[in-house]
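J.: Below you'll find final_32.pdb; it's PDB, C-alpha atoms.
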```
ATOM      1  CA  MET A 112      18.506 -58.255 -43.428
ATOM      2  CA  LYS A 113      21.035 -55.658 -44.359
ATOM      3  CA  ASN A 114      20.041 -52.117 -45.151
ATOM      4  CA  ASP A 115      21.509 -52.323 -48.695
ATOM      5  CA  ASP A 116      19.326 -55.345 -49.512
ATOM      6  CA  LYS A 117      16.212 -53.570 -48.247
ATOM      7  CA  ALA A 118      17.013 -50.512 -50.326
ATOM      8  CA  SER A 119      17.455 -52.683 -53.459
ATOM      9  CA  ILE A 120      14.042 -54.379 -52.989
ATOM     10  CA  SER A 121      12.308 -51.034 -52.465
ATOM     11  CA  LEU A 122      13.835 -49.665 -55.651
ATOM     12  CA  LYS A 123      12.591 -52.673 -57.634
ATOM     13  CA  LYS A 124       9.085 -52.224 -56.273
ATOM     14  CA  ILE A 125       9.076 -48.581 -57.264
ATOM     15  CA  ILE A 126      10.212 -49.421 -60.825
ATOM     16  CA  CYS A 127       7.540 -52.160 -61.226
ATOM     17  CA  ILE A 128       4.780 -49.908 -59.933
ATOM     18  CA  SER A 129       5.900 -47.152 -62.308
ATOM     19  CA  LEU A 130       5.845 -49.513 -65.304
ATOM     20  CA  ILE A 131       2.348 -50.794 -64.444
ATOM     21  CA  PHE A 132       1.111 -47.222 -64.059
ATOM     22  CA  MET A 133       2.556 -46.234 -67.453
ATOM     23  CA  LEU A 134       0.963 -49.287 -69.109
ATOM     24  CA  ILE A 135      -2.429 -48.444 -67.639
ATOM     25  CA  MET A 136      -2.132 -44.866 -68.862
ATOM     26  CA  THR A 137      -1.183 -46.009 -72.412
ATOM     27  CA  VAL A 138      -4.130 -48.384 -72.633
ATOM     28  CA  GLY A 139      -6.410 -45.674 -71.337
ATOM     29  CA  VAL A 140      -5.188 -43.236 -73.981
ATOM     30  CA  MET A 141      -5.607 -45.833 -76.750
ATOM     31  CA  ALA A 142      -9.091 -46.721 -75.537
ATOM     32  CA  GLY A 143      -9.942 -43.070 -75.505
ATOM     33  CA  ASN A 144      -8.935 -42.743 -79.181
ATOM     34  CA  VAL A 145     -11.082 -45.716 -80.343
ATOM     35  CA  ASN A 146     -14.677 -44.887 -81.259
ATOM     36  CA  PHE A 147     -16.891 -47.745 -80.090
ATOM     37  CA  ARG A 148     -20.512 -47.875 -81.238
ATOM     38  CA  ASN A 149     -23.527 -49.956 -80.401
ATOM     39  CA  VAL A 150     -24.781 -51.772 -83.557
ATOM     40  CA  LYS A 151     -28.037 -53.678 -83.998
ATOM     41  CA  ILE A 152     -27.870 -56.836 -86.144
ATOM     42  CA  VAL A 153     -31.207 -58.283 -87.274
ATOM     43  CA  LEU A 154     -30.888 -61.908 -88.415
ATOM     44  CA  ALA A 155     -33.036 -63.521 -91.137
ATOM     45  CA  SER A 156     -34.955 -65.395 -88.423
ATOM     46  CA  GLY A 157     -36.018 -62.062 -86.929
ATOM     47  CA  TYR A 158     -33.732 -62.343 -83.899
ATOM     48  CA  GLU A 159     -32.095 -59.055 -82.937
ATOM     49  CA  MET A 160     -28.727 -58.704 -81.291
ATOM     50  CA  ASN A 161     -26.826 -55.624 -80.115
ATOM     51  CA  VAL A 162     -23.055 -55.623 -80.336
ATOM     52  CA  LEU A 163     -20.366 -53.145 -79.359
ATOM     53  CA  THR A 164     -17.779 -52.663 -82.082
ATOM     54  CA  SER A 165     -15.158 -50.287 -83.338
ATOM     55  CA  LYS A 166     -15.502 -51.586 -86.922
ATOM     56  CA  THR A 167     -17.313 -49.585 -89.580
ATOM     57  CA  LYS A 168     -17.435 -51.960 -92.542
ATOM     58  CA  VAL A 169     -20.403 -54.362 -92.652
ATOM     59  CA  SER A 170     -18.362 -57.425 -93.609
ATOM     60  CA  GLU A 171     -15.883 -56.796 -90.771
ATOM     61  CA  ILE A 172     -18.653 -56.371 -88.190
ATOM     62  CA  LEU A 173     -20.252 -59.670 -89.259
ATOM     63  CA  ASP A 174     -16.885 -61.462 -89.216
ATOM     64  CA  GLU A 175     -16.126 -60.044 -85.777
ATOM     65  CA  ASN A 176     -19.356 -61.563 -84.482
ATOM     66  CA  HIS A 177     -18.930 -64.861 -86.367
ATOM     67  CA  ILE A 178     -22.001 -64.297 -88.540
ATOM     68  CA  ILE A 179     -21.874 -66.000 -91.961
ATOM     69  CA  LEU A 180     -24.330 -65.236 -94.758
ATOM     70  CA  LEU A 181     -26.032 -68.256 -96.345
ATOM     71  CA  ASP A 182     -26.325 -68.600-100.163
ATOM     72  CA  ASP A 183     -29.965 -67.500-100.114
ATOM     73  CA  GLU A 184     -29.449 -64.527 -97.773
ATOM     74  CA  LYS A 185     -28.728 -60.858 -98.437
ATOM     75  CA  VAL A 186     -27.617 -58.048 -96.156
ATOM     76  CA  VAL A 187     -28.469 -54.343 -96.048
ATOM     77  CA  PRO A 188     -26.211 -52.409 -96.294
ATOM     78  CA  ASP A 189     -24.204 -54.785 -98.511
ATOM     79  CA  LEU A 190     -20.977 -56.375 -97.331
ATOM     80  CA  THR A 191     -18.704 -53.819 -98.965
ATOM     81  CA  SER A 192     -20.525 -50.800 -97.521
ATOM     82  CA  GLU A 193     -19.793 -48.753 -94.435
ATOM     83  CA  LEU A 194     -22.214 -48.831 -91.535
ATOM     84  CA  SER A 195     -25.206 -46.543 -92.141
ATOM     85  CA  ASP A 196     -26.321 -43.743 -89.812
ATOM     86  CA  ASN A 197     -29.037 -45.865 -88.194
ATOM     87  CA  LYS A 198     -26.335 -48.339 -87.066
ATOM     88  CA  THR A 199     -28.445 -51.298 -88.120
ATOM     89  CA  ILE A 200     -27.467 -54.322 -90.202
ATOM     90  CA  LYS A 201     -30.381 -56.369 -91.520
ATOM     91  CA  ILE A 202     -30.074 -59.898 -92.931
ATOM     92  CA  SER A 203     -33.014 -61.339 -94.922
ATOM     93  CA  LYS A 204     -33.883 -64.148 -97.336
ATOM     94  CA  MET A 205     -33.600 -63.460-101.085
ATOM     95  CA  SER A 206     -36.574 -63.887-103.433
ATOM     96  CA  GLU A 207     -36.509 -66.561-106.180
ATOM     97  CA  GLU A 208     -35.844 -63.887-108.803
ATOM     98  CA  GLU A 209     -32.900 -62.531-106.804
ATOM     99  CA  ILE A 210     -31.492 -66.049-106.348
ATOM    100  CA  GLU A 211     -31.750 -66.749-110.096
ATOM    101  CA  GLU A 212     -30.091 -63.424-110.912
ATOM    102  CA  ALA A 213     -27.306 -64.119-108.430
ATOM    103  CA  ASP A 214     -26.770 -67.568-109.966
ATOM    104  CA  ILE A 215     -26.539 -66.049-113.465
ATOM    105  CA  VAL A 216     -24.016 -63.448-112.329
ATOM    106  CA  GLU A 217     -21.990 -66.031-110.452
ATOM    107  CA  THR A 218     -22.006 -68.406-113.427
ATOM    108  CA  SER A 219     -20.998 -65.698-115.888
ATOM    109  CA  GLU A 220     -18.060 -64.687-113.708
ATOM    110  CA  GLU A 221     -16.708 -68.196-113.191
ATOM    111  CA  ILE A 222     -13.530 -68.894-115.097
ATOM    112  CA  THR A 223     -12.180 -72.423-114.956
ATOM    113  CA  ALA A 224      -8.536 -73.339-114.868
ATOM    114  CA  GLU A 225      -8.944 -74.971-118.275
ATOM    115  CA  GLU A 226     -10.218 -71.704-119.774
ATOM    116  CA  ILE A 227      -7.312 -69.807-118.286
ATOM    117  CA  LEU A 228      -4.848 -72.292-119.798
ATOM    118  CA  LYS A 229      -6.564 -72.062-123.176
ATOM    119  CA  SER A 230      -5.940 -68.335-123.284
ATOM    120  CA  TYR A 231      -2.242 -69.130-123.481
ATOM    121  CA  ASP A 232      -2.622 -71.549-126.430
ATOM    122  CA  THR A 233      -0.706 -70.789-129.615
ATOM    123  CA  ILE A 234      -2.362 -68.376-132.049
ATOM    124  CA  VAL A 235      -2.291 -69.638-135.641
ATOM    125  CA  GLU A 236      -2.382 -67.106-138.481
ATOM    126  CA  LYS A 237      -3.615 -68.121-141.935
ATOM    127  CA  ILE A 238      -4.119 -66.423-145.284
ATOM    128  CA  VAL A 239      -7.559 -67.436-146.597
ATOM    129  CA  VAL A 240      -9.032 -66.628-150.011
ATOM    130  CA  LYS A 241     -12.816 -66.577-150.293
ATOM    131  CA  LYS A 242     -15.247 -65.825-153.111
ATOM    132  CA  VAL A 243     -17.811 -63.206-152.112
ATOM    133  CA  LYS A 244     -20.987 -62.230-153.973
ATOM    134  CA  ILE A 245     -21.327 -58.646-155.221
ATOM    135  CA  PRO A 246     -25.055 -57.787-155.134
ATOM    136  CA  TYR A 247     -26.445 -56.079-158.206
ATOM    137  CA  GLU A 248     -28.247 -52.738-158.016
ATOM    138  CA  THR A 249     -31.733 -51.970-159.282
ATOM    139  CA  ILE A 250     -32.120 -48.924-161.514
ATOM    140  CA  LYS A 251     -35.633 -47.642-162.128
ATOM    141  CA  LYS A 252     -36.474 -45.451-165.117
ATOM    142  CA  ASN A 253     -39.768 -43.650-165.680
ATOM    143  CA  VAL A 254     -40.626 -43.683-169.391
ATOM    144  CA  ALA A 255     -44.396 -43.360-168.924
ATOM    145  CA  SER A 256     -46.402 -40.387-170.089
ATOM    146  CA  GLY A 257     -49.729 -38.946-169.033
ATOM    147  CA  THR A 258     -51.707 -39.758-165.891
ATOM    148  CA  GLY A 259     -53.006 -43.229-166.758
ATOM    149  CA  ALA A 260     -52.220 -46.528-165.029
ATOM    150  CA  LYS A 261     -48.544 -47.480-164.863
ATOM    151  CA  GLN A 262     -46.731 -50.782-164.647
ATOM    152  CA  ASP A 263     -43.143 -51.869-164.049
ATOM    153  CA  ARG A 264     -41.412 -53.747-166.825
ATOM    154  CA  ILE A 265     -38.003 -55.384-166.404
ATOM    155  CA  VAL A 266     -35.838 -54.583-169.394
ATOM    156  CA  GLN A 267     -32.642 -56.047-167.959
ATOM    157  CA  TYR A 268     -32.402 -58.672-165.276
ATOM    158  CA  GLY A 269     -29.863 -58.211-162.519
ATOM    159  CA  VAL A 270     -27.018 -60.652-162.103
ATOM    160  CA  ASP A 271     -24.818 -60.744-158.998
ATOM    161  CA  GLY A 272     -21.121 -60.249-159.463
ATOM    162  CA  LEU A 273     -18.298 -62.109-157.764
ATOM    163  CA  LYS A 274     -15.070 -61.025-156.129
ATOM    164  CA  GLU A 275     -12.136 -62.870-154.617
ATOM    165  CA  VAL A 276     -11.234 -61.567-151.185
ATOM    166  CA  THR A 277      -8.025 -62.394-149.332
ATOM    167  CA  TYR A 278      -8.209 -62.371-145.530
ATOM    168  CA  LYS A 279      -5.644 -62.683-142.788
ATOM    169  CA  ILE A 280      -7.357 -64.775-140.109
ATOM    170  CA  LYS A 281      -6.086 -65.628-136.632
ATOM    171  CA  TYR A 282      -7.205 -68.823-134.914
ATOM    172  CA  GLN A 283      -6.855 -69.999-131.330
ATOM    173  CA  ASN A 284      -8.134 -73.398-130.217
ATOM    174  CA  ASN A 285      -9.450 -73.798-133.806
ATOM    175  CA  LYS A 286     -11.687 -70.757-133.320
ATOM    176  CA  GLU A 287     -11.509 -67.572-135.364
ATOM    177  CA  ILE A 288     -10.497 -64.670-133.094
ATOM    178  CA  GLU A 289      -9.554 -62.019-135.667
ATOM    179  CA  LYS A 290     -10.275 -61.472-139.367
ATOM    180  CA  LYS A 291      -8.753 -58.737-141.530
ATOM    181  CA  GLU A 292      -9.240 -58.124-145.262
ATOM    182  CA  ILE A 293      -5.923 -57.485-146.971
ATOM    183  CA  SER A 294      -6.918 -57.461-150.667
ATOM    184  CA  SER A 295      -9.787 -58.089-153.085
ATOM    185  CA  LYS A 296     -10.153 -58.726-156.820
ATOM    186  CA  VAL A 297     -13.336 -58.531-158.905
ATOM    187  CA  ILE A 298     -13.831 -61.722-160.909
ATOM    188  CA  LYS A 299     -17.202 -60.861-162.426
ATOM    189  CA  LYS A 300     -18.830 -57.444-162.370
ATOM    190  CA  PRO A 301     -22.511 -57.329-161.369
ATOM    191  CA  VAL A 302     -25.123 -56.531-164.007
ATOM    192  CA  ASN A 303     -27.602 -53.956-162.798
ATOM    193  CA  LYS A 304     -31.300 -54.687-162.920
ATOM    194  CA  ILE A 305     -33.123 -52.096-165.014
ATOM    195  CA  VAL A 306     -36.844 -51.534-164.511
ATOM    196  CA  GLU A 307     -38.886 -49.174-166.654
ATOM    197  CA  VAL A 308     -42.139 -47.607-165.490
ATOM    198  CA  ARG A 309     -44.404 -47.700-168.532
ATOM    199  CA  ASN A 310     -47.995 -46.940-169.393
ATOM    200  CA  LYS A 311     -50.064 -50.006-168.616
ATOM    201  CA  GLN A 312     -51.361 -51.872-171.656
ATOM    202  CA  THR A 313     -54.303 -54.256-171.741
ATOM    203  CA  VAL A 314     -53.429 -57.726-173.019
ATOM    204  CA  THR A 315     -56.329 -59.161-175.009
ATOM    205  CA  THR A 316     -54.780 -62.466-176.013
ATOM    206  CA  ARG A 317     -53.281 -65.297-174.001
ATOM    207  CA  SER A 318     -49.892 -64.817-175.565
ATOM    208  CA  SER A 319     -48.719 -61.414-176.650
ATOM    209  CA  GLY A 320     -45.409 -62.727-177.943
ATOM    210  CA  PRO A 321     -41.966 -61.911-176.624
ATOM    211  CA  ARG A 322     -41.623 -58.740-174.561
ATOM    212  CA  VAL A 323     -38.218 -58.171-176.193
ATOM    213  CA  SER A 324     -37.497 -59.724-179.585
ATOM    214  CA  TYR A 325     -35.768 -63.095-179.497
ATOM    215  CA  ALA A 326     -33.135 -61.768-181.871
ATOM    216  CA  SER A 327     -31.690 -59.828-178.948
ATOM    217  CA  GLY A 328     -31.470 -63.035-176.915
ATOM    218  CA  LYS A 329     -33.581 -61.724-174.065
ATOM    219  CA  TRP A 330     -37.149 -61.586-172.816
ATOM    220  CA  SER A 331     -38.605 -59.022-170.462
ATOM    221  CA  TYR A 332     -41.377 -59.603-167.888
ATOM    222  CA  SER A 333     -43.038 -57.773-165.018
ATOM    223  CA  GLU A 334     -42.186 -58.730-161.438
ATOM    224  CA  ALA A 335     -45.419 -60.732-161.162
ATOM    225  CA  GLU A 336     -44.732 -62.597-164.422
ATOM    226  CA  LEU A 337     -41.163 -63.338-163.335
ATOM    227  CA  ASP A 338     -42.477 -64.713-160.047
ATOM    228  CA  LEU A 339     -44.890 -66.948-161.994
ATOM    229  CA  LEU A 340     -42.055 -68.212-164.213
ATOM    230  CA  CYS A 341     -40.015 -69.075-161.107
ATOM    231  CA  ALA A 342     -42.959 -70.789-159.379
ATOM    232  CA  ILE A 343     -43.636 -73.034-162.403
ATOM    233  CA  THR A 344     -39.926 -73.788-162.826
ATOM    234  CA  ALA A 345     -39.569 -74.672-159.119
ATOM    235  CA  GLN A 346     -42.561 -77.022-159.314
ATOM    236  CA  GLU A 347     -41.000 -78.827-162.281
ATOM    237  CA  ALA A 348     -37.474 -79.018-160.772
ATOM    238  CA  SER A 349     -35.871 -77.140-157.879
ATOM    239  CA  SER A 350     -33.246 -79.558-156.549
ATOM    240  CA  SER A 351     -30.350 -77.608-158.070
ATOM    241  CA  TYR A 352     -29.465 -74.665-160.293
ATOM    242  CA  ASN A 353     -28.820 -76.933-163.312
ATOM    243  CA  ALA A 354     -32.099 -78.795-162.779
ATOM    244  CA  SER A 355     -34.061 -75.516-162.789
ATOM    245  CA  LEU A 356     -32.075 -74.103-165.696
ATOM    246  CA  ALA A 357     -32.840 -77.251-167.738
ATOM    247  CA  VAL A 358     -36.615 -76.730-167.286
ATOM    248  CA  ILE A 359     -36.666 -73.050-168.249
ATOM    249  CA  THR A 360     -34.230 -73.816-171.093
ATOM    250  CA  THR A 361     -36.829 -76.197-172.534
ATOM    251  CA  ALA A 362     -39.434 -73.423-172.571
ATOM    252  CA  CYS A 363     -36.933 -71.001-174.165
ATOM    253  CA  ASN A 364     -36.010 -73.582-176.814
ATOM    254  CA  ARG A 365     -39.681 -74.097-177.652
ATOM    255  CA  ALA A 366     -40.272 -70.342-177.863
ATOM    256  CA  ALA A 367     -37.513 -70.127-180.488
ATOM    257  CA  SER A 368     -38.678 -73.201-182.389
ATOM    258  CA  SER A 369     -41.065 -72.911-185.354
ATOM    259  CA  ARG A 370     -42.421 -76.323-184.411
ATOM    260  CA  TRP A 371     -43.814 -75.019-181.082
ATOM    261  CA  LYS A 372     -44.769 -71.514-182.284
ATOM    262  CA  TYR A 373     -48.477 -72.285-181.960
ATOM    263  CA  ASN A 374     -48.033 -72.226-178.138
ATOM    264  CA  GLY A 375     -46.434 -68.801-178.183
ATOM    265  CA  THR A 376     -43.088 -67.207-178.888
ATOM    266  CA  ASP A 377     -41.931 -66.556-175.326
ATOM    267  CA  PRO A 378     -41.167 -68.913-172.378
ATOM    268  CA  LEU A 379     -44.162 -67.911-170.234
ATOM    269  CA  SER A 380     -46.578 -68.597-173.090
ATOM    270  CA  GLN A 381     -44.963 -72.019-173.526
ATOM    271  CA  TYR A 382     -45.341 -72.673-169.797
ATOM    272  CA  LYS A 383     -49.054 -71.800-169.976
ATOM    273  CA  ALA A 384     -49.776 -73.995-173.023
ATOM    274  CA  PRO A 385     -52.458 -76.643-172.314
ATOM    275  CA  GLY A 386     -51.202 -80.078-171.282
ATOM    276  CA  GLN A 387     -47.498 -79.230-171.526
ATOM    277  CA  PHE A 388     -46.109 -78.002-168.197
ATOM    278  CA  CYS A 389     -47.483 -78.201-164.659
ATOM    279  CA  TYR A 390     -49.279 -74.863-165.033
ATOM    280  CA  SER A 391     -52.265 -76.423-166.823
ATOM    281  CA  ILE A 392     -52.028 -79.900-165.257
ATOM    282  CA  ASP A 393     -52.467 -79.102-161.563
ATOM    283  CA  SER A 394     -52.305 -76.154-159.170
ATOM    284  CA  HIS A 395     -49.372 -77.243-157.006
ATOM    285  CA  TRP A 396     -47.225 -74.432-158.422
ATOM    286  CA  VAL A 397     -49.521 -71.850-156.795
ATOM    287  CA  LYS A 398     -48.005 -72.465-153.330
ATOM    288  CA  ARG A 399     -44.614 -71.462-154.729
ATOM    289  CA  LEU A 400     -45.720 -67.973-155.767
ATOM    290  CA  ASN A 401     -44.488 -64.859-153.968
ATOM    291  CA  GLY A 402     -40.900 -66.046-153.796
ATOM    292  CA  ASN A 403     -41.506 -69.435-152.143
ATOM    293  CA  TYR A 404     -38.662 -71.109-154.025
ATOM    294  CA  PRO A 405     -34.878 -71.403-153.605
ATOM    295  CA  ALA A 406     -32.705 -68.490-154.746
ATOM    296  CA  HIS A 407     -30.996 -70.684-157.341
ATOM    297  CA  VAL A 408     -34.344 -71.179-159.114
ATOM    298  CA  LYS A 409     -34.741 -67.439-159.701
ATOM    299  CA  GLN A 410     -31.094 -67.171-160.756
ATOM    300  CA  ALA A 411     -31.608 -69.960-163.299
ATOM    301  CA  VAL A 412     -34.742 -68.286-164.713
ATOM    302  CA  VAL A 413     -33.032 -64.877-164.934
ATOM    303  CA  ASP A 414     -29.973 -66.403-166.609
ATOM    304  CA  ALA A 415     -32.161 -68.218-169.153
ATOM    305  CA  LEU A 416     -34.124 -65.063-169.959
ATOM    306  CA  ASN A 417     -30.764 -63.361-170.522
ATOM    307  CA  GLY A 418     -29.773 -66.055-173.030
ATOM    308  CA  LYS A 419     -28.134 -68.860-171.012
ATOM    309  CA  ARG A 420     -28.949 -72.501-171.957
ATOM    310  CA  ASN A 421     -27.717 -75.888-170.720
ATOM    311  CA  HIS A 422     -29.203 -78.165-173.435
ATOM    312  CA  ASN A 423     -30.845 -78.130-176.897
ATOM    313  CA  TYR A 424     -33.848 -80.339-176.179
ATOM    314  CA  LEU A 425     -37.528 -79.495-176.565
ATOM    315  CA  SER A 426     -39.177 -82.007-174.219
ATOM    316  CA  PHE A 427     -38.612 -83.750-170.895
ATOM    317  CA  ARG A 428     -40.177 -86.374-168.674
ATOM    318  CA  SER A 429     -39.501 -87.636-165.166
ATOM    319  CA  ALA A 430     -36.580 -90.069-165.019
ATOM    320  CA  GLY A 431     -37.730 -93.591-165.835
ATOM    321  CA  CYS A 432     -40.581 -92.435-168.075
ATOM    322  CA  ALA A 433     -38.463 -91.853-171.178
ATOM    323  CA  SER A 434     -34.920 -92.206-172.465
ATOM    324  CA  GLY A 435     -32.603 -89.270-172.937
ATOM    325  CA  VAL A 436     -30.194 -87.039-171.010
ATOM    326  CA  ASN A 437     -30.804 -86.927-167.250
ATOM    327  CA  ILE A 438     -30.471 -83.442-165.750
ATOM    328  CA  GLY A 439     -31.525 -83.058-162.127
ATOM    329  CA  GLY A 440     -33.959 -85.997-162.142
ATOM    330  CA  ASN A 441     -35.666 -85.222-165.467
ATOM    331  CA  VAL A 442     -34.820 -86.859-168.801
ATOM    332  CA  TYR A 443     -34.539 -84.451-171.761
ATOM    333  CA  PHE A 444     -35.065 -85.452-175.398
ATOM    334  CA  ASN A 445     -36.450 -84.319-178.765
ATOM    335  CA  ALA A 446     -39.706 -86.054-179.633
ATOM    336  CA  MET A 447     -40.005 -87.534-183.132
TER
END
```
The structure in this file should be written as C-alpha cells.
T.:
Amino acid sequence: MKNDDKASISLKKIICISLIFMLIMTVGVMAGNVNFRNVKIVLASGYEMNVLTSKTKVSEILDENHIILLDDEKVVPDLTSELSDNKTIKISKMSEEEIEEADIVETSEEITAEEILKSYDTIVEKIVVKKVKIPYETIKKNVASGTGAKQDRIVQYGVDGLKEVTYKIKYQNNKEIEKKEISSKVIKKPVNKIVEVRNKQTVTTRSSGPRVSYASGKWSYSEAELDLLCAITAQEASSSYNASLAVITTACNRAASSRWKYNGTDPLSQYKAPGQFCYSIDSHWVKRLNGNYPAHVKQAVVDALNGKRNHNYLSFRSAGCASGVNIGGNVYFNAM
C-alpha cells in the first residue's frame, strides 16, 4: 500500500474519532442540564412503583409510564398540577358521591353538535302587544276616636286597572331569548281600595241595612263580610266571572226591590235570608271562606257592590229546574 493511501485512512480515522468524542460530550452536557427525579406512583390497587422522570406535570408523568385513569378513579395531585414536594402520585377510587358529582359536571358541560348548530339559527324579531293588569293600591284612613274597639270598614272597593304594553321580542328556535318594552298605554286606571278604621259598633239585629245607601249605588262591608259574600257566591256559581256576577246581581236586585225588602236591604242580608241561598240550606260554603275561591269570584262581587249588574232578574234555579235565561249553568227568571 502506498504511503499516500495510508495517510488518507489515518486522517479519516482521526476525523471519525473526533466526531464521536464531540457527540459524547454534547450528550453529557445535555444530560447534565436535565433534572431527573425519582417519583413514587401508588396505584388504586395499592401497588407502588418508582419511576425516574424529568417531567414535572402529573398528567405527563402518567402518560410517560402508560398509566390511564379509569372513570371511577381520581389522582392526587390532580392531572393539571405540578408534582408536589413529596414526589408522590396517588391514584384511588372515587366515592359514590364523587362519581355522581363528576357525572353532573360532565353532563352539564356536554354540548352536542345539534345544539351548536342551533345557536346559528335565524333570530326572529316581533312586535307584540299585550294587556297587563295594573294592581290597585289600598289606602287606609283612621276616622276612629277614643280608645275603644276598632274595626276596618271598606268604603271603596279596589278595582285593577289595565294597560296595553308593546314589546320587542326576539325568538330563536321558537324560544324567547330577549324581551324589551318599547311603549305602554293605560286603558283603564285602577281604582284604589279605601279602608276606614272606625269605632266598632255592636249589631243587634240580623240585618242592619245597607252600609252605604243604595242611592249611591254601592255597599260597604268589612273584610270578613266581603269574604263571606265571596264564599256564598262561589258556592252558588264559580265557573266563570259572569256566572258569579249573575248570582251576586240577584242578591243586589233583591236588596233594591220593595218585594224582597223583608229579607233586608243589602246583598249580604239577602244571602242570609232563610231558605233562599245556600247560606241557610247547607254548610258547604264554609269550606270556601278565607279566600278559598277563584279570583274572578271576588272581582265579580266587588264589581256588583260597586254597581255593576249583568241581568234584572230576582230568582234563579239550577239549569233544568226552571225556564229562563241561562247564565253559567243557572237559569234566571222573575217569579210570578
J.: Using all atoms listed in the file, which of the listed residues (A:Ala446, A:Leu194, A:Ile200, A:Val187) sits closest to Asn161 (chain A)?
T.: A:Ile200
J.: Using only C-alpha atoms, can you tell me which of A:Ser295, A:Thr249, A:Ser350, A:Asn374 comes closest to Ala411 (chain A)?
T.: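 Smallest separation from Ala411 (chain A) among the options: A:Ser350.
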J.: Which residues come within 8 Å of Val153 (chain A), counting all atoms listed in the file, excluding same-chain residues fewer than 6 positions away, as a list in words?
T.: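 Selected residues are Glu159, Met160, Thr199, Ile200, Lys201 and Ile202 of chain A.
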J.: Tell me which protein, DNA and RNA residues are within 9 Å of Ala354 (chain A), counting only C-alpha atoms, leaving out same-chain ones fewer than 4 positions away, and put them as a list in words.
T.: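 Here the qualifying residues turn out to be Glu347, Ala348, Ser349, Ser350, Val358, Val408, Ala411, Ile438, Gly439, Gly440 and Asn441 of chain A.
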J.: Any idea what the distance is between CA of Lys398 (chain A) and CA of Ala345 (chain A)?
T.: 10.5 Å
J.: If you measure from CA of Cys432 (chain A) to CA of Gly418 (chain A), what distance in Å do you get, rounded to one decimal?
T.: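 Separation of CA of Cys432 (chain A) and CA of Gly418 (chain A): 28.9 Å.
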J.: Show which residues sit within 6 Å of Leu416 (chain A), as a PyMOL selection string. Count all atoms listed in the file, and ignore same-chain residues fewer than 3 positions away.
T.: chain A and resi 329-330+413
J.: What does the file look like for those residues with C-alpha atoms, as an mmCIF file, in the coordinates of the input?
T.:
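See again.cif below for the written result:
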```
data_model
loop_
_atom_site.group_PDB
_atom_site.id
_atom_site.type_symbol
_atom_site.label_atom_id
_atom_site.label_comp_id
_atom_site.auth_asym_id
_atom_site.auth_seq_id
_atom_site.Cartn_x
_atom_site.Cartn_y
_atom_site.Cartn_z
ATOM 1 C CA LYS A 329 -33.581 -61.724 -174.065
ATOM 2 C CA TRP A 330 -37.149 -61.586 -172.816
ATOM 3 C CA VAL A 413 -33.032 -64.877 -164.934
#
```
J.: Smallest atom-to-atom distance to Val169 (chain A): which of A:Ser156, A:Gln381, A:Thr191, A:Ser294, using all atoms listed in the file?
T.: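 Comparing A:Ser156, A:Gln381, A:Thr191, A:Ser294 against Val169 (chain A), the winner is A:Thr191.
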J.: Translate the PyMOL selection byres ((chain A and resi 279-283) around 10) into a concrete residue list for this structure, as a VMD selection string.
T.: chain A and resid 229 to 240 277 to 278 284 to 294
J.: Between CA of Lys300 (chain A) and CA of Gly272 (chain A), what is the distance in Å, rounded to a tenth?
T.: 4.6 Å
J.: Pull out every residue that the PyMOL selection byres ((chain A and resi 362-364) around 8) matches in the shown coordinates and put them as a list of chain:residue names.
T.: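 Listing what the PyMOL selection byres ((chain A and resi 362-364) around 8) selects in the shown file: A:Val358, A:Ile359, A:Thr360, A:Thr361, A:Arg365, A:Ala366, A:Ala367, A:Ser368, A:Asp377, A:Pro378, A:Leu379, A:Gln381, A:Tyr382, A:Ala415, A:Leu416, A:Asn423, A:Tyr424, A:Leu425.
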J.: For a quick check of understanding, using all atoms listed in the file, which of A:Leu154, A:Lys166, A:Val397, A:Trp371 has the smallest distance to Ile178 (chain A)?
T.: A:Leu154
J.: Which is closer to Val254 (chain A) than all the others in A:Met205, A:Met133, A:Ile298, A:Val308, using only C-alpha atoms?
T.: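 Among the listed residues, A:Val308 lies closest to Val254 (chain A).
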J.: Once the PyMOL selection byres ((chain A and resi 301) around 8) is applied to the coordinates I shared, what remains selected? I want it as number ranges by chain.
T.: A: 245-247, 269-273, 299-300, 302-303
J.: With the input short on atoms, add N, CA and C atoms back to region 246-254 of chain A and write it as a CSV table (one decimal), keeping the file's coordinate frame.
T.:
```
chain,number,residue,atom,x,y,z
A,246,PRO,N,-23.6,-58.0,-154.8
A,246,PRO,CA,-25.1,-57.8,-155.1
A,246,PRO,C,-25.2,-56.8,-156.3
A,247,TYR,N,-26.2,-57.0,-157.1
A,247,TYR,CA,-26.4,-56.1,-158.2
A,247,TYR,C,-27.4,-55.0,-157.7
A,248,GLU,N,-27.4,-53.9,-158.4
A,248,GLU,CA,-28.2,-52.7,-158.0
A,248,GLU,C,-29.4,-52.7,-159.0
A,249,THR,N,-30.5,-52.1,-158.5
A,249,THR,CA,-31.7,-52.0,-159.3
A,249,THR,C,-31.9,-50.5,-159.7
A,250,ILE,N,-32.0,-50.3,-161.0
A,250,ILE,CA,-32.1,-48.9,-161.5
A,250,ILE,C,-33.5,-48.8,-162.1
A,251,LYS,N,-34.3,-47.8,-161.7
A,251,LYS,CA,-35.6,-47.6,-162.1
A,251,LYS,C,-35.7,-46.4,-163.0
A,252,LYS,N,-36.3,-46.6,-164.2
A,252,LYS,CA,-36.5,-45.5,-165.1
A,252,LYS,C,-37.9,-45.2,-165.4
A,253,ASN,N,-38.4,-44.0,-165.4
A,253,ASN,CA,-39.8,-43.6,-165.7
A,253,ASN,C,-39.9,-43.2,-167.1
A,254,VAL,N,-40.5,-44.0,-168.0
A,254,VAL,CA,-40.6,-43.7,-169.4
A,254,VAL,C,-42.1,-43.5,-169.7
```
